[in-house]
file final.cif (mmCIF, C-alpha atoms)
data_upload
#
loop_
_atom_site.label_atom_id
_atom_site.label_comp_id
_atom_site.auth_asym_id
_atom_site.auth_seq_id
_atom_site.Cartn_x
_atom_site.Cartn_y
_atom_site.Cartn_z
CA MET D 10 76.42 74.66 126.95
CA GLU D 11 76.64 78.18 125.56
CA LYS D 12 78.91 78.40 122.52
CA LEU D 13 81.68 80.94 122.27
CA ILE D 14 81.33 83.63 119.63
CA ILE D 15 84.44 84.00 117.50
CA PHE D 16 85.64 87.33 116.14
CA THR D 17 88.52 86.73 113.72
CA ASP D 18 91.03 88.68 111.71
CA MET D 19 91.95 87.49 108.19
CA GLY D 20 95.56 88.41 107.32
CA ASP D 21 98.15 86.06 108.84
CA THR D 22 95.28 84.49 110.76
CA ILE D 23 93.27 82.80 108.00
CA VAL D 24 95.42 83.68 104.97
CA ASP D 25 99.19 84.10 104.67
CA GLU D 26 99.82 87.78 103.91
CA ALA D 27 102.99 86.82 102.02
CA THR D 28 100.81 85.14 99.36
CA GLN D 29 98.57 88.14 98.71
CA VAL D 30 98.30 89.23 95.07
CA PHE D 31 97.23 92.85 94.52
CA ASP D 32 95.51 94.54 91.59
CA GLY D 33 96.35 97.99 90.23
CA ASN D 34 94.07 99.65 92.80
CA GLY D 35 95.88 98.06 95.74
CA ASP D 36 93.09 95.60 96.49
CA VAL D 37 93.93 91.99 97.26
CA VAL D 38 92.81 89.74 94.40
CA LEU D 39 93.67 86.46 96.12
CA ALA D 40 95.60 85.05 99.05
CA GLU D 41 96.39 81.50 100.03
CA PRO D 42 95.07 80.09 103.29
CA ILE D 43 97.28 79.12 106.19
CA ASP D 44 97.36 75.33 106.67
CA ASN D 45 94.10 74.08 108.20
CA ALA D 46 92.64 77.59 108.64
CA ILE D 47 89.67 77.04 106.34
CA GLN D 48 88.89 73.68 107.91
CA MET D 49 89.13 75.31 111.35
CA LEU D 50 86.54 77.93 110.37
CA LYS D 51 84.24 75.29 108.88
CA THR D 52 84.58 73.03 111.92
CA LEU D 53 83.72 75.86 114.31
CA LYS D 54 80.77 76.93 112.14
CA GLU D 55 79.46 73.36 111.81
CA SER D 56 79.64 72.96 115.59
CA GLY D 57 77.30 75.92 116.05
CA HIS D 58 79.63 78.85 116.62
CA THR D 59 78.86 82.36 115.45
CA ILE D 60 81.82 83.81 113.54
CA ALA D 61 82.44 87.48 112.75
CA LEU D 62 85.19 88.78 110.50
CA VAL D 63 86.72 91.89 112.11
CA ALA D 64 89.49 92.99 109.78
CA ASP D 65 91.48 95.95 108.50
CA GLY D 66 91.55 96.58 104.76
CA THR D 67 89.28 97.32 101.84
CA VAL D 68 85.86 95.80 101.36
CA LYS D 69 86.84 94.72 97.83
CA SER D 70 89.94 92.89 99.14
CA PHE D 71 87.87 90.82 101.56
CA GLU D 72 85.17 90.13 98.96
CA ASN D 73 87.92 88.83 96.66
CA ILE D 74 89.58 86.68 99.34
CA ILE D 75 86.29 85.24 100.58
CA ASP D 76 85.23 84.46 97.00
CA TYR D 77 88.59 82.86 96.24
CA LEU D 78 88.47 80.71 99.39
CA GLY D 79 84.77 79.89 99.06
CA ILE D 80 83.96 80.77 102.67
CA HIS D 81 80.90 83.04 102.35
CA ASP D 82 78.82 80.77 104.57
CA VAL D 83 81.29 80.86 107.45
CA PHE D 84 80.79 84.47 108.54
CA ASP D 85 77.67 85.70 110.31
CA THR D 86 78.85 89.28 109.83
CA LYS D 87 81.82 91.09 108.35
CA VAL D 88 83.21 94.30 109.82
CA ILE D 89 85.80 95.83 107.49
CA SER D 90 87.80 98.91 108.46
CA GLU D 91 87.25 100.70 105.14
CA SER D 92 83.49 100.75 105.65
CA LEU D 93 83.85 102.29 109.13
CA GLY D 94 86.66 104.71 108.34
CA THR D 95 88.80 103.40 111.18
CA ARG D 96 91.06 100.46 112.00
CA LYS D 97 91.63 98.14 114.93
CA PRO D 98 92.30 98.65 117.79
CA ASP D 99 89.51 101.27 117.55
CA LEU D 100 86.72 99.86 119.70
CA LEU D 101 84.19 100.86 117.03
CA MET D 102 85.34 97.83 114.99
CA PHE D 103 84.44 95.44 117.81
CA GLN D 104 81.25 97.31 118.75
CA LYS D 105 80.01 97.14 115.15
CA ALA D 106 80.45 93.35 115.15
CA LEU D 107 78.59 93.14 118.48
CA ASP D 108 75.77 95.31 117.10
CA ASN D 109 75.57 93.43 113.79
CA LEU D 110 75.09 90.18 115.71
CA ASN D 111 72.42 91.78 117.96
CA LEU D 112 74.53 91.06 121.02
CA GLN D 113 74.53 92.96 124.29
CA GLU D 114 77.24 94.09 126.68
CA ASP D 115 76.66 90.98 128.80
CA ASP D 116 77.47 88.77 125.80
CA LYS D 117 81.09 89.96 125.79
CA LYS D 118 81.97 87.25 128.30
CA ASN D 119 81.25 84.71 125.54
CA ILE D 120 83.33 86.35 122.80
CA ILE D 121 86.94 85.77 121.83
CA MET D 122 88.98 87.67 119.24
CA PHE D 123 91.39 85.54 117.20
CA GLY D 124 94.19 87.54 115.64
CA ASN D 125 97.86 87.85 114.85
CA ASN D 126 98.63 91.43 115.80
CA LEU D 127 99.27 92.40 119.42
CA LYS D 128 98.83 96.13 118.74
CA ARG D 129 95.57 95.78 116.81
CA ASP D 130 93.73 92.53 117.52
CA ILE D 131 94.85 91.79 121.06
CA LEU D 132 94.94 95.36 122.36
CA GLY D 133 91.52 96.05 120.83
CA ALA D 134 89.97 92.88 122.22
CA ASN D 135 91.40 93.48 125.68
CA GLU D 136 90.22 97.09 125.77
CA PHE D 137 86.77 96.08 124.48
CA GLY D 138 86.46 93.51 127.27
CA ILE D 139 86.42 90.29 125.26
CA GLY D 140 88.80 87.35 125.33
CA SER D 141 91.93 87.54 123.20
CA VAL D 142 93.64 84.69 121.35
CA TRP D 143 96.94 85.47 119.67
CA LEU D 144 98.16 83.40 116.73
CA ARG D 145 101.92 83.67 117.30
CA ARG D 146 103.11 82.37 113.98
CA PHE D 147 104.48 85.05 111.67
CA PRO D 148 107.21 87.53 112.65
CA ARG D 149 105.78 90.35 110.48
CA TYR D 150 104.62 92.16 113.59
CA THR D 151 106.07 92.49 117.07
CA LEU D 152 106.24 89.22 118.99
CA VAL D 153 106.61 90.83 122.41
CA PRO D 154 103.82 92.79 124.11
CA GLU D 155 104.99 96.34 124.82
CA ALA D 156 102.16 97.14 127.23
CA GLU D 157 100.01 95.13 129.61
CA VAL D 158 96.94 95.71 127.42
CA GLU D 159 98.74 93.84 124.59
CA ILE D 160 99.10 90.62 126.61
CA PRO D 161 96.75 87.99 125.16
CA ASP D 162 94.57 85.72 127.25
CA HIS D 163 95.72 82.76 125.15
CA ILE D 164 98.52 82.05 122.67
CA ILE D 165 98.28 79.44 119.93
CA ARG D 166 100.69 78.45 117.14
CA THR D 167 98.37 77.20 114.38
CA PRO D 168 94.82 78.06 113.35
CA ASP D 169 93.57 74.56 114.09
CA ASP D 170 94.75 74.97 117.70
CA LEU D 171 91.77 77.30 118.04
CA ILE D 172 89.35 74.37 117.87
CA ASN D 173 90.83 72.69 120.94
CA LEU D 174 91.15 76.00 122.77
CA VAL D 175 87.47 76.78 122.16
CA LYS D 176 86.49 73.31 123.40
CA TYR D 177 88.65 73.81 126.49
CA ILE D 178 87.22 77.24 127.27
CA GLU D 179 83.66 76.04 126.79
CA SER D 180 84.19 72.97 128.94
CA THR D 181 85.79 74.89 131.80
CA ARG D 182 83.82 78.10 131.34
CA GLU D 183 87.12 79.91 131.64
CA VAL D 184 85.39 82.56 129.58
CA LEU D 185 83.95 83.95 132.83
CA ALA D 186 87.45 84.92 133.95
CA PHE D 187 88.38 86.95 130.84
CA ASN D 188 89.70 90.38 131.66
#
call {"tool": "encode", "arguments": {"input": "final.cif", "output": "structure tokens"}}
result
Amino acid sequence: MEKLIIFTDMGDTIVDEATQVFDGNGDVVLAEPIDNAIQMLKTLKESGHTIALVADGTVKSFENIIDYLGIHDVFDTKVISESLGTRKPDLLMFQKALDNLNLQEDDKKNIIMFGNNLKRDILGANEFGIGSVWLRRFPRYTLVPEAEVEIPDHIIRTPDDLINLVKYIESTREVLAFN
């Protein structure tokens, strides 16, 4: 069975943005994980999934968070908006992750984007032609899609729900029906 490839955001997806501590330069020094998010990443990684961080922010912020959480080994690649000079939903963010993983256009059917923001993560994933999984947990961003392209393929409430969703998609090959 072919494993899904997971693209994931970080803020309010893996870590709770309300817990972020910033330094004088505006970089995040640390942030606390959302319940079970780290275990979810480790479980997916241990079960053979490729995981790419696709996130908006500074490279230093993500280095700090990843160091603090001890999750260097989880990510096969990291695509950070600062290094590309653009932010999601710009398709360049998703294309860079695809390229970094040496994937082709045909591999998109096996990729899902896990994120919390309809206007960035979900819209970008949908426009890029990959599956979209919305973590509907924090009300910091809009909770109602304002355009059809913001409607996620799947909605989950907790990070660990992603494990069962991935198993379900892989077992039913629902991934073939994305977009």
call {"tool": "residues_around", "arguments": {"input": "final.cif", "residues": "Val83 in chain D", "least_positions_apart": "5", "cutoff": "8 Å", "atoms": "all atoms listed in the file", "output": "ChimeraX atom specification"}}
result
/D:50-51,54,60
call {"tool": "resolve_selection", "arguments": {"input": "final.cif", "expression": "the PyMOL selection byres ((chain D and resi 89) around 12)", "output": "PyMOL selection string"}}
result
chain D and resi 17-19+61-72+86-88+90-97+101-103+105-106
call {"tool": "closest_residue", "arguments": {"input": "final.cif", "among": "D:Ala156, D:Val37, D:Ile165, D:Met49", "to": "Asn125 in chain D", "atoms": "all atoms listed in the file"}}
result
D:Ile165
call {"tool": "residues_around", "arguments": {"input": "final.cif", "residues": "Ile47 in chain D", "least_positions_apart": "2", "cutoff": "9 Å", "atoms": "all atoms listed in the file", "output": "ChimeraX atom specification"}}
result
/D:23-24,42-45,49-52,78,80,168
call {"tool": "residues_near_point", "arguments": {"input": "final.cif", "point": "(96.0, 85.6, 116.6)", "cutoff": "12 Å", "atoms": "all atoms listed in the file", "output": "PyMOL selection string"}}
result
chain D and resi 15-24+46+64+121-132+134+140-147+150+152+159-171
